[in-house]
file work03.txt (compact mmCIF, C-alpha atoms)
# COMPACT_ATOMS: atom_id res chain seq x y z
CA MET A 12 -17.02 10.03 22.55
CA ASP A 13 -14.45 9.29 19.85
CA ARG A 14 -11.14 11.04 20.04
CA PRO A 15 -10.46 13.47 17.19
CA VAL A 16 -8.78 11.67 14.33
CA VAL A 17 -6.32 13.99 12.60
CA PRO A 18 -6.29 17.74 12.13
CA LEU A 19 -7.35 18.42 8.56
CA GLY A 20 -7.10 21.52 6.45
CA ARG A 21 -6.84 25.10 7.54
CA PRO A 22 -6.81 26.25 11.16
CA ARG A 23 -10.02 27.11 12.97
CA THR A 24 -8.93 30.70 13.29
CA GLU A 25 -9.96 31.44 9.68
CA ARG A 26 -12.05 34.62 9.74
CA ALA A 27 -15.77 34.20 9.20
CA ASP A 28 -15.85 36.25 5.99
CA ALA A 29 -12.81 34.44 4.61
CA LYS A 30 -14.49 31.13 5.31
CA ARG A 31 -17.72 32.26 3.69
CA ASN A 32 -15.72 33.42 0.68
CA ARG A 33 -13.87 30.11 0.42
CA LEU A 34 -17.02 28.01 0.74
CA ARG A 35 -18.76 30.11 -1.88
CA LEU A 36 -15.84 29.67 -4.29
CA LEU A 37 -15.86 25.92 -3.67
CA ALA A 38 -19.59 25.77 -4.31
CA VAL A 39 -18.98 27.46 -7.67
CA VAL A 40 -16.23 24.93 -8.40
CA ARG A 41 -18.65 22.07 -7.67
CA GLU A 42 -21.22 23.57 -10.03
CA MET A 43 -18.61 23.87 -12.77
CA LEU A 44 -17.48 20.29 -12.21
CA GLU A 45 -21.00 18.97 -12.57
CA GLU A 46 -21.77 21.04 -15.61
CA CYS A 47 -18.63 20.69 -17.66
CA GLY A 48 -16.04 18.46 -15.97
CA ALA A 49 -12.71 19.10 -14.28
CA GLU A 50 -10.87 20.07 -17.45
CA HIS A 51 -12.92 23.25 -17.78
CA VAL A 52 -12.22 24.47 -14.26
CA THR A 53 -9.45 27.04 -14.66
CA MET A 54 -8.43 30.04 -12.59
CA ASP A 55 -9.88 32.39 -15.22
CA ALA A 56 -13.17 30.54 -15.60
CA LEU A 57 -13.63 30.30 -11.86
CA ALA A 58 -12.94 34.01 -11.34
CA GLU A 59 -15.39 34.96 -14.06
CA ARG A 60 -18.12 32.66 -12.86
CA ALA A 61 -17.71 33.76 -9.24
CA GLY A 62 -17.64 37.43 -10.21
CA LEU A 63 -14.25 37.95 -8.57
CA GLY A 64 -10.93 39.24 -9.80
CA LYS A 65 -8.41 36.66 -10.93
CA GLY A 66 -6.02 37.96 -8.26
CA THR A 67 -8.47 37.02 -5.52
CA VAL A 68 -8.82 33.50 -6.83
CA PHE A 69 -5.06 33.25 -7.19
CA ARG A 70 -4.41 34.42 -3.63
CA ARG A 71 -6.93 31.92 -2.35
CA PHE A 72 -5.78 28.81 -4.24
CA GLY A 73 -2.33 29.55 -5.64
CA SER A 74 -2.77 27.36 -8.70
CA ARG A 75 -5.34 25.40 -10.64
CA ALA A 76 -4.36 22.25 -8.76
CA GLY A 77 -4.82 24.23 -5.56
CA ILE A 78 -8.51 24.66 -6.38
CA PHE A 79 -9.01 20.92 -6.48
CA LYS A 80 -6.89 20.39 -3.43
CA ALA A 81 -9.06 22.82 -1.46
CA LEU A 82 -12.16 21.04 -2.68
CA LEU A 83 -10.78 17.67 -1.59
CA GLU A 84 -9.86 19.06 1.82
CA GLU A 85 -13.35 20.41 2.27
CA GLU A 86 -14.86 17.03 1.31
CA ALA A 87 -12.42 15.22 3.58
CA ARG A 88 -13.40 17.48 6.46
CA ARG A 89 -17.07 16.67 5.89
CA PHE A 90 -16.25 12.97 5.73
CA GLN A 91 -14.31 13.20 8.97
CA GLU A 92 -17.18 14.99 10.68
CA LEU A 93 -19.53 12.22 9.62
CA VAL A 94 -17.12 9.63 11.02
CA LEU A 95 -16.70 11.45 14.31
CA SER A 96 -20.22 12.63 14.99
CA GLY A 97 -22.54 11.65 12.15
CA PRO A 98 -25.29 9.02 12.33
CA PRO A 99 -24.42 5.32 12.74
CA PRO A 100 -23.17 3.01 11.35
CA LEU A 101 -20.47 5.41 10.08
CA GLY A 102 -20.67 7.58 13.17
CA PRO A 103 -20.77 6.53 16.83
CA GLY A 104 -23.59 4.30 18.05
CA ALA A 105 -23.02 1.13 16.04
CA GLY A 106 -20.76 -1.80 16.90
CA PRO A 107 -17.07 -1.72 15.88
CA ALA A 108 -17.44 -4.27 13.06
CA GLU A 109 -20.40 -2.42 11.60
CA ARG A 110 -18.55 0.88 11.86
CA LEU A 111 -15.42 -0.59 10.25
CA ILE A 112 -17.47 -1.88 7.33
CA ALA A 113 -19.28 1.45 6.96
CA TYR A 114 -15.99 3.34 7.13
CA GLY A 115 -14.51 1.31 4.27
CA ARG A 116 -17.65 1.55 2.17
CA VAL A 117 -18.02 5.31 2.59
CA ARG A 118 -14.31 5.91 2.10
CA ILE A 119 -14.31 3.90 -1.14
CA GLY A 120 -17.35 5.85 -2.30
CA PHE A 121 -15.75 9.15 -1.27
CA LEU A 122 -12.56 8.49 -3.21
CA THR A 123 -14.21 7.14 -6.32
CA ASP A 124 -16.72 10.01 -6.33
CA ASN A 125 -13.85 12.44 -6.09
CA LEU A 126 -11.55 10.62 -8.49
CA ALA A 127 -11.50 13.30 -11.19
CA VAL A 128 -10.91 15.95 -8.55
CA ALA A 129 -8.17 13.91 -6.88
CA ARG A 130 -6.36 13.46 -10.19
CA ALA A 131 -6.67 17.15 -11.01
CA ALA A 132 -5.29 18.00 -7.55
CA MET A 133 -2.06 16.12 -8.22
CA ASP A 134 0.45 18.21 -10.08
CA ARG A 135 4.05 19.05 -9.52
CA ASP A 136 3.37 22.10 -7.40
CA VAL A 137 0.92 20.66 -4.91
CA ALA A 138 1.48 17.49 -2.95
CA ALA A 139 -1.32 14.93 -3.08
CA PRO A 140 -3.48 15.00 0.03
CA ALA A 141 -2.39 11.83 1.81
CA VAL A 142 -3.56 12.74 5.28
CA GLU A 143 -6.63 10.51 5.07
CA VAL A 144 -4.53 7.36 4.99
CA ASP A 145 -3.40 8.18 8.49
CA MET A 146 -6.98 8.99 9.45
CA THR A 147 -7.95 5.51 8.26
CA ARG A 148 -5.31 3.83 10.39
CA LEU A 149 -6.17 5.81 13.51
CA HIS A 150 -9.89 5.23 13.12
CA ILE A 151 -9.42 1.49 12.55
CA ARG A 152 -7.09 1.42 15.55
CA MET A 153 -9.79 2.99 17.73
CA LEU A 154 -12.51 0.64 16.56
CA LEU A 155 -10.28 -2.41 17.03
CA GLY A 156 -9.62 -1.24 20.56
CA GLN A 157 -13.36 -1.07 21.21
CA ALA A 158 -13.87 -4.50 19.69
CA ASP A 159 -11.47 -6.22 22.06
CA LEU A 160 -10.68 -9.02 19.61
CA GLY A 161 -7.99 -10.52 21.81
CA VAL A 162 -5.31 -9.56 19.30
CA ARG A 163 -1.68 -9.45 20.46
CA ASP A 164 -0.74 -6.47 18.31
CA VAL A 165 -3.64 -4.08 17.75
CA GLU A 166 -1.37 -1.44 16.19
CA GLY A 167 -0.04 -4.00 13.75
CA LEU A 168 -3.51 -5.19 12.78
CA ALA A 169 -4.69 -1.59 12.33
CA LEU A 170 -1.80 -0.95 9.95
CA GLN A 171 -2.50 -4.14 8.02
CA LEU A 172 -6.18 -3.32 7.69
CA SER A 173 -5.53 0.25 6.54
CA ALA A 174 -3.21 -1.14 3.89
CA ALA A 175 -5.81 -3.78 2.96
CA LEU A 176 -8.37 -0.99 2.49
CA GLU A 177 -6.24 1.76 0.97
CA GLY A 178 -3.88 -0.37 -1.16
CA PRO A 179 -6.44 -2.00 -3.45
CA LEU A 180 -8.30 1.31 -3.58
CA LEU A 181 -5.20 3.18 -4.77
CA LEU A 182 -4.51 0.51 -7.37
CA TYR A 183 -8.09 0.69 -8.55
CA MET A 184 -8.07 4.48 -8.70
CA ALA A 185 -4.88 4.44 -10.75
CA SER A 186 -6.41 2.01 -13.25
CA PRO A 187 -7.74 3.32 -16.57
CA GLN A 188 -11.23 1.92 -16.06
CA ALA A 189 -11.75 3.69 -12.72
CA LEU A 190 -12.72 6.97 -14.41
CA THR A 191 -15.34 5.34 -16.62
CA ASP A 192 -16.61 2.64 -14.23
CA ALA A 193 -20.07 3.02 -12.84
CA ARG A 194 -20.12 3.26 -9.05
CA ASP A 195 -21.51 -0.26 -8.76
CA GLY A 196 -18.61 -1.67 -10.79
CA GLY A 197 -15.10 -1.99 -9.42
CA ALA A 198 -15.68 0.25 -6.43
CA MET A 199 -18.59 -1.86 -5.25
CA ARG A 200 -16.49 -5.02 -5.54
CA LEU A 201 -13.85 -3.36 -3.37
CA ALA A 202 -16.49 -2.45 -0.81
CA ASP A 203 -17.85 -6.01 -0.73
CA ALA A 204 -14.37 -7.48 -0.37
CA TRP A 205 -13.69 -5.08 2.51
CA GLN A 206 -16.90 -6.10 4.25
CA ASP A 207 -16.03 -9.79 3.81
CA LEU A 208 -12.56 -9.25 5.27
CA VAL A 209 -13.85 -7.42 8.34
CA GLU A 210 -16.63 -9.94 8.96
CA ARG A 211 -14.17 -12.82 8.68
CA LEU A 212 -11.73 -11.21 11.10
CA PHE A 213 -14.42 -10.52 13.66
CA ARG A 214 -15.85 -14.02 13.28
CA ALA A 215 -12.58 -15.72 14.12
CA GLY A 216 -12.75 -15.24 17.88
CA PRO A 217 -9.83 -14.58 20.21
CA GLU A 218 -6.25 -15.61 19.52
CA GLN A 219 -5.41 -19.15 20.56
CA PRO A 220 -2.33 -19.56 22.70
CA PRO A 221 -0.01 -21.39 22.61
CA ARG A 222 0.96 -21.28 18.99
CA GLY A 223 2.41 -24.39 17.40
CA PRO A 224 2.69 -25.90 13.94
CA GLU A 225 -0.65 -26.37 12.22
CA MET B 19 2.91 -28.39 -8.85
CA ASP B 20 2.71 -24.63 -8.42
CA ARG B 21 2.35 -22.49 -11.50
CA PRO B 22 5.29 -20.20 -12.20
CA VAL B 23 4.77 -16.91 -10.45
CA VAL B 24 6.21 -14.08 -12.53
CA PRO B 25 9.14 -13.97 -14.94
CA LEU B 26 12.00 -12.30 -13.11
CA GLY B 27 15.25 -10.87 -14.38
CA ARG B 28 17.11 -11.65 -17.56
CA PRO B 29 15.97 -14.22 -20.13
CA ARG B 30 17.07 -17.83 -19.87
CA THR B 31 18.98 -17.50 -23.12
CA GLU B 32 21.89 -15.79 -21.33
CA ARG B 33 25.09 -17.52 -22.44
CA ALA B 34 26.75 -19.77 -19.90
CA ASP B 35 29.96 -17.71 -19.73
CA ALA B 36 28.02 -14.46 -19.41
CA LYS B 37 26.03 -15.94 -16.57
CA ARG B 38 29.17 -17.20 -14.82
CA ASN B 39 30.70 -13.77 -15.25
CA ARG B 40 27.64 -12.03 -13.83
CA LEU B 41 27.37 -14.37 -10.85
CA ARG B 42 31.07 -13.93 -10.12
CA LEU B 43 30.71 -10.16 -10.18
CA LEU B 44 27.69 -10.35 -7.88
CA ALA B 45 29.60 -12.59 -5.48
CA VAL B 46 32.31 -9.92 -5.35
CA VAL B 47 29.65 -7.27 -4.69
CA ARG B 48 28.31 -9.35 -1.80
CA GLU B 49 31.81 -9.65 -0.31
CA MET B 50 32.29 -5.90 -0.58
CA LEU B 51 28.92 -5.25 1.04
CA GLU B 52 29.74 -7.44 3.99
CA GLU B 53 33.21 -6.03 4.44
CA CYS B 54 32.62 -2.33 4.01
CA GLY B 55 28.94 -1.49 3.36
CA ALA B 56 27.01 -0.31 0.33
CA GLU B 57 28.53 3.14 0.25
CA HIS B 58 31.94 1.71 -0.73
CA VAL B 59 30.62 -0.32 -3.65
CA THR B 60 31.43 1.79 -6.71
CA MET B 61 32.04 0.89 -10.35
CA ASP B 62 35.77 1.54 -9.92
CA ALA B 63 36.11 -0.44 -6.70
CA LEU B 64 34.18 -3.37 -8.12
CA ALA B 65 36.24 -3.46 -11.32
CA GLU B 66 39.49 -3.38 -9.35
CA ARG B 67 38.42 -6.04 -6.89
CA ALA B 68 37.09 -8.32 -9.64
CA GLY B 69 40.22 -7.81 -11.73
CA LEU B 70 38.19 -6.55 -14.69
CA GLY B 71 38.27 -3.40 -16.75
CA LYS B 72 35.89 -0.64 -15.74
CA GLY B 73 34.32 -0.86 -19.21
CA THR B 74 33.30 -4.48 -18.60
CA VAL B 75 31.63 -3.60 -15.33
CA PHE B 76 29.95 -0.63 -16.96
CA ARG B 77 28.60 -2.71 -19.86
CA ARG B 78 27.28 -5.24 -17.42
CA PHE B 79 25.53 -2.92 -14.94
CA GLY B 80 25.20 0.47 -16.63
CA SER B 81 25.47 2.42 -13.37
CA ARG B 82 26.27 2.05 -9.72
CA ALA B 83 22.56 1.65 -8.97
CA GLY B 84 22.49 -1.05 -11.66
CA ILE B 85 24.91 -3.13 -9.58
CA PHE B 86 22.49 -3.18 -6.67
CA LYS B 87 19.52 -3.75 -8.92
CA ALA B 88 21.21 -6.81 -10.42
CA LEU B 89 22.00 -8.09 -6.93
CA LEU B 90 18.37 -7.65 -5.85
CA GLU B 91 17.15 -9.44 -8.95
CA GLU B 92 19.46 -12.34 -8.25
CA GLU B 93 18.24 -12.54 -4.65
CA ALA B 94 14.62 -12.26 -5.78
CA ARG B 95 15.17 -15.11 -8.22
CA ARG B 96 16.56 -17.28 -5.43
CA PHE B 97 13.64 -16.37 -3.21
CA GLN B 98 11.19 -17.25 -5.96
CA GLU B 99 12.90 -20.60 -6.53
CA LEU B 100 12.54 -21.37 -2.84
CA VAL B 101 8.85 -20.47 -2.97
CA LEU B 102 8.21 -22.57 -6.07
CA SER B 103 10.30 -25.63 -5.35
CA GLY B 104 12.17 -25.25 -2.06
CA PRO B 105 11.46 -27.19 1.12
CA PRO B 106 8.20 -26.63 3.03
CA PRO B 107 6.71 -24.63 4.65
CA LEU B 108 7.87 -21.95 2.18
CA GLY B 109 7.87 -24.38 -0.73
CA PRO B 110 5.23 -26.95 -1.71
CA GLY B 111 4.30 -29.68 0.74
CA ALA B 112 2.82 -27.69 3.62
CA GLY B 113 -0.78 -26.48 4.06
CA PRO B 114 -1.86 -23.14 2.56
CA ALA B 115 -2.01 -21.29 5.90
CA GLU B 116 1.43 -22.51 6.87
CA ARG B 117 2.81 -21.56 3.47
CA LEU B 118 1.19 -18.10 3.62
CA ILE B 119 2.74 -17.47 7.01
CA ALA B 120 6.14 -18.70 5.82
CA TYR B 121 5.91 -16.57 2.69
CA GLY B 122 5.29 -13.41 4.71
CA ARG B 123 8.02 -14.20 7.22
CA VAL B 124 10.65 -14.98 4.60
CA ARG B 125 9.62 -12.02 2.45
CA ILE B 126 9.92 -9.65 5.42
CA GLY B 127 13.32 -11.13 6.22
CA PHE B 128 14.38 -10.89 2.57
CA LEU B 129 13.48 -7.21 2.29
CA THR B 130 14.93 -6.16 5.60
CA ASP B 131 18.13 -8.13 4.93
CA ASN B 132 18.43 -6.36 1.61
CA LEU B 133 17.36 -2.94 2.81
CA ALA B 134 20.67 -1.19 2.23
CA VAL B 135 20.91 -2.77 -1.20
CA ALA B 136 17.32 -1.84 -2.06
CA ARG B 137 17.92 1.78 -1.10
CA ALA B 138 21.13 1.90 -3.11
CA ALA B 139 19.29 0.42 -6.10
CA MET B 140 16.84 3.31 -6.20
CA ASP B 141 18.18 6.25 -8.09
CA ARG B 142 16.82 8.41 -10.82
CA ASP B 143 18.19 6.25 -13.63
CA VAL B 144 16.95 2.87 -12.52
CA ALA B 145 13.38 2.10 -11.55
CA ALA B 146 12.90 0.35 -8.22
CA PRO B 147 12.29 -3.36 -8.61
CA ALA B 148 8.59 -3.63 -7.84
CA VAL B 149 7.92 -6.95 -9.54
CA GLU B 150 7.86 -8.86 -6.26
CA VAL B 151 4.70 -7.12 -5.14
CA ASP B 152 2.90 -8.79 -8.01
CA MET B 153 4.61 -12.07 -7.13
CA THR B 154 3.19 -11.74 -3.63
CA ARG B 155 -0.35 -11.23 -4.87
CA LEU B 156 -0.19 -14.14 -7.31
CA HIS B 157 1.29 -16.49 -4.75
CA ILE B 158 -1.28 -15.53 -2.13
CA ARG B 159 -3.99 -15.96 -4.76
CA MET B 160 -2.80 -19.50 -5.48
CA LEU B 161 -2.61 -20.49 -1.82
CA LEU B 162 -6.06 -19.04 -1.10
CA GLY B 163 -7.39 -21.10 -4.00
CA GLN B 164 -5.91 -24.24 -2.45
CA ALA B 165 -7.31 -23.35 0.95
CA ASP B 166 -10.89 -23.18 -0.28
CA LEU B 167 -11.95 -20.75 2.44
CA GLY B 168 -15.41 -20.28 1.00
CA VAL B 169 -14.63 -16.65 0.15
CA ARG B 170 -16.82 -14.88 -2.42
CA ASP B 171 -13.99 -12.88 -3.95
CA VAL B 172 -10.66 -14.69 -3.82
CA GLU B 173 -8.97 -12.15 -6.10
CA GLY B 174 -10.12 -9.35 -3.83
CA LEU B 175 -8.87 -11.09 -0.70
CA ALA B 176 -5.53 -11.83 -2.38
CA LEU B 177 -5.14 -8.14 -3.20
CA GLN B 178 -6.08 -7.10 0.34
CA LEU B 179 -3.63 -9.56 1.87
CA SER B 180 -0.77 -8.50 -0.41
CA ALA B 181 -1.44 -4.92 0.63
CA ALA B 182 -1.62 -5.98 4.29
CA LEU B 183 1.79 -7.65 3.93
CA GLU B 184 3.58 -5.21 1.62
CA GLY B 185 2.11 -1.93 2.89
CA PRO B 186 3.33 -2.05 6.49
CA LEU B 187 6.62 -3.50 5.22
CA LEU B 188 7.16 -0.56 2.86
CA LEU B 189 6.31 1.90 5.62
CA TYR B 190 8.70 0.14 7.96
CA MET B 191 11.48 0.04 5.38
CA ALA B 192 11.09 3.75 4.71
CA SER B 193 11.38 4.52 8.42
CA PRO B 194 14.67 5.80 9.82
CA GLN B 195 14.99 3.03 12.38
CA ALA B 196 14.74 0.24 9.81
CA LEU B 197 18.42 0.54 8.87
CA THR B 198 19.61 0.28 12.45
CA ASP B 199 17.02 -2.13 13.86
CA ALA B 200 18.14 -5.60 14.72
CA ARG B 201 16.32 -8.29 12.75
CA ASP B 202 14.30 -9.26 15.80
CA GLY B 203 13.04 -5.70 16.24
CA GLY B 204 10.46 -4.13 13.95
CA ALA B 205 10.74 -6.76 11.24
CA MET B 206 9.93 -9.51 13.69
CA ARG B 207 6.87 -7.64 14.92
CA LEU B 208 5.70 -7.33 11.32
CA ALA B 209 6.19 -11.06 10.84
CA ASP B 210 4.24 -11.89 13.99
CA ALA B 211 1.40 -9.56 13.00
CA TRP B 212 1.27 -11.20 9.59
CA GLN B 213 1.09 -14.66 11.14
CA ASP B 214 -1.71 -13.51 13.47
CA LEU B 215 -3.69 -12.09 10.56
CA VAL B 216 -3.40 -15.25 8.48
CA GLU B 217 -4.26 -17.52 11.40
CA ARG B 218 -7.29 -15.41 12.24
CA LEU B 219 -8.55 -15.44 8.65
CA PHE B 220 -8.18 -19.19 8.35
CA ARG B 221 -9.81 -19.77 11.72
CA ALA B 222 -12.98 -17.91 10.76
CA GLY B 223 -14.53 -20.68 8.67
CA PRO B 224 -16.62 -20.23 5.53
CA GLU B 225 -18.61 -17.11 4.73
CA GLN B 226 -22.07 -17.04 6.23
CA PRO B 227 -24.90 -16.28 3.82
CA PRO B 228 -27.18 -14.45 3.93
CA ARG B 229 -25.63 -11.22 5.13
CA GLY B 230 -27.68 -8.96 7.34
CA PRO B 231 -27.07 -6.30 9.97
CA GLU B 232 -24.98 -7.48 12.91

call {"tool": "encode", "arguments": {"input": "work03.txt", "output": "C-alpha cells"}}
result
Amino acid sequence: MDRPVVPLGRPRTERADAKRNRLRLLAVVREMLEECGAEHVTMDALAERAGLGKGTVFRRFGSRAGIFKALLEEEARRFQELVLSGPPPLGPGAGPAERLIAYGRVRIGFLTDNLAVARAAMDRDVAAPAVEVDMTRLHIRMLLGQADLGVRDVEGLALQLSAALEGPLLLYMASPQALTDARDGGAMRLADAWQDLVERLFRAGPEQPPRGPE
Amino acid sequence: MDRPVVPLGRPRTERADAKRNRLRLLAVVREMLEECGAEHVTMDALAERAGLGKGTVFRRFGSRAGIFKALLEEEARRFQELVLSGPPPLGPGAGPAERLIAYGRVRIGFLTDNLAVARAAMDRDVAAPAVEVDMTRLHIRMLLGQADLGVRDVEGLALQLSAALEGPLLLYMASPQALTDARDGGAMRLADAWQDLVERLFRAGPEQPPRGPE
C-alpha cells in the first residue's frame, strides 16, 4: 500500500450537505466552462445558473479566482486518488518505471487540460495551488525507493526528476501557444521526453564505484 | 569551437575608461563584501571608499541593488568565458559528459558563492538576473549534441536537464540554511547528485526502438 502523498484541499470533517453543495456548484462551473469558456464564469453568472443567492456563492468561494481554485483542488484530489488507489499503471500494481512514466503523462495531461482554469485561478488575492509539485516529488521518491536503482542519493534524484518534469511543464504552460495547442502538440512532446528520460535512467543499471575521471 | 552561449551584460562598445572605472568600482565592492558583508555595501559607503562622488556611483549603478546586479553580471561573464574558452573539463577539450558534470559543479559553486550578492541584487526596482538559466539550457543542448546519445528529442532532454540542475539549486538557495551552510554541505550534495544523474544518463546507451510495455 502506498503511503498518502500530501493532504490536499479541505479537511475531511466537511459536513455532508456542505460537500454536496460544493460538488454541485463545481459541476455547474464545469458546465459553464465547457459551454462558454472561463471568461464567462463570474460570481453572478454562477449564482444565477445554480439557482443560489450571490451571497452563498461568495461565502463558498470568496472571489472569482476562488471558484477556479476550488475546481483545481477538486481535480487535484481526483488525480491524487487515481495515483494512490486507481488502476495501474498510474495506480499501484505496475512496476516503478511504468508508474513513473504514467505519472508524468497523466500529470502533463491534467495540467494542460486545466490550463485555462489554472490561469484563471491565479490572481492577486489567491495564491496559485503549488501543492502538487511537492506531491510529484514525494511520489517519485516513493517509486524510486521501490525501484532500488542503486542510487547514492535517492532524495536528490527525486528532486531532480520532479524539476525535470515540472520545470519544462511550467515553461510550456506559460508559453503563448499552450492555450491554443492541441493536446497532441507540445504537451505530447513533453510526455514523450519524460518517458524517454525515465526509461534511460532505469536502463543505466546500478551506480559504478569507484568513480574516477572518464 | 563552441558557439557563443548568450549575450550577457553591457555591449562591447563600452569605452575603455568607463570599463576601467566600472571594474575598479566592482573590485572595491568585492573588498567591502569580504571585509564587512553585503549589508554594509551602500551607495554612500562605496562612493567614500572609492574616492568618488555619490553622483558618479549613482549614475553607474542606479540603486544599491544595481551594485550587486552589476557584480553578478561581471561574475557571470567570467563564468561564461571559462565555459566557452577556459581550461577543460569546464572549457573545451574534455568529453561531453565530463563537461556537463563540470558545468553543473561550477555553476552550483558560482551560485552558492554569490548567494548573498544574488539576494541583495533582488529588489523591487531591479529584476533578478535570470539569463544564466537560458545559458545552462543552451550549453547542455550543445554538449548533448556532441555526445550523440541517440536521444529522440535532444531539445527536450536539454530542457529537462537544465530544470534538474537549476530547480533543486533554486530551492536550495531559497532555503534558510543555504546562507550558513559550508560549501561542502548542501551545495556539495547537489553537485554529487548532478554528477550521478549525468553519469547514469550517459551510461544508458542509445534509445531502444520499438517501445512497448515493460

call {"tool": "interface_residues", "arguments": {"input": "work03.txt", "of": "chain B", "to": "chain A", "cutoff": "6 Å", "atoms": "only C-alpha atoms", "output": "list of chain:residue names"}}
result
B:Gly174, B:Gln178, B:Ala181, B:Ala182, B:Gly185, B:Ala211, B:Arg218, B:Leu219, B:Arg221, B:Ala222

call {"tool": "atom_distance", "arguments": {"input": "work03.txt", "atom1": "CA of Leu129 in chain B", "atom2": "CA of Ala192 in chain B"}}
result
11.5 Å

call {"tool": "closest_residue", "arguments": {"input": "work03.txt", "among": "A:Val39, A:Leu154, A:Met184, A:Ala87", "to": "Arg130 in chain A", "atoms": "all atoms listed in the file"}}
result
A:Met184

call {"tool": "atom_distance", "arguments": {"input": "work03.txt", "atom1": "CA of Thr123 in chain A", "atom2": "CA of Ala198 in chain A"}}
result
7.0 Å

call {"tool": "residues_around", "arguments": {"input": "work03.txt", "residues": "Thr60 in chain B", "least_positions_apart": "5", "cutoff": "9 Å", "atoms": "all atoms listed in the file", "output": "number ranges by chain"}}
result
B: 65, 81-82, 85

call {"tool": "closest_residue", "arguments": {"input": "work03.txt", "among": "A:Leu181, A:Glu86, A:Gln206, A:Asp159", "to": "Leu111 in chain A", "atoms": "all atoms listed in the file"}}
result
A:Gln206
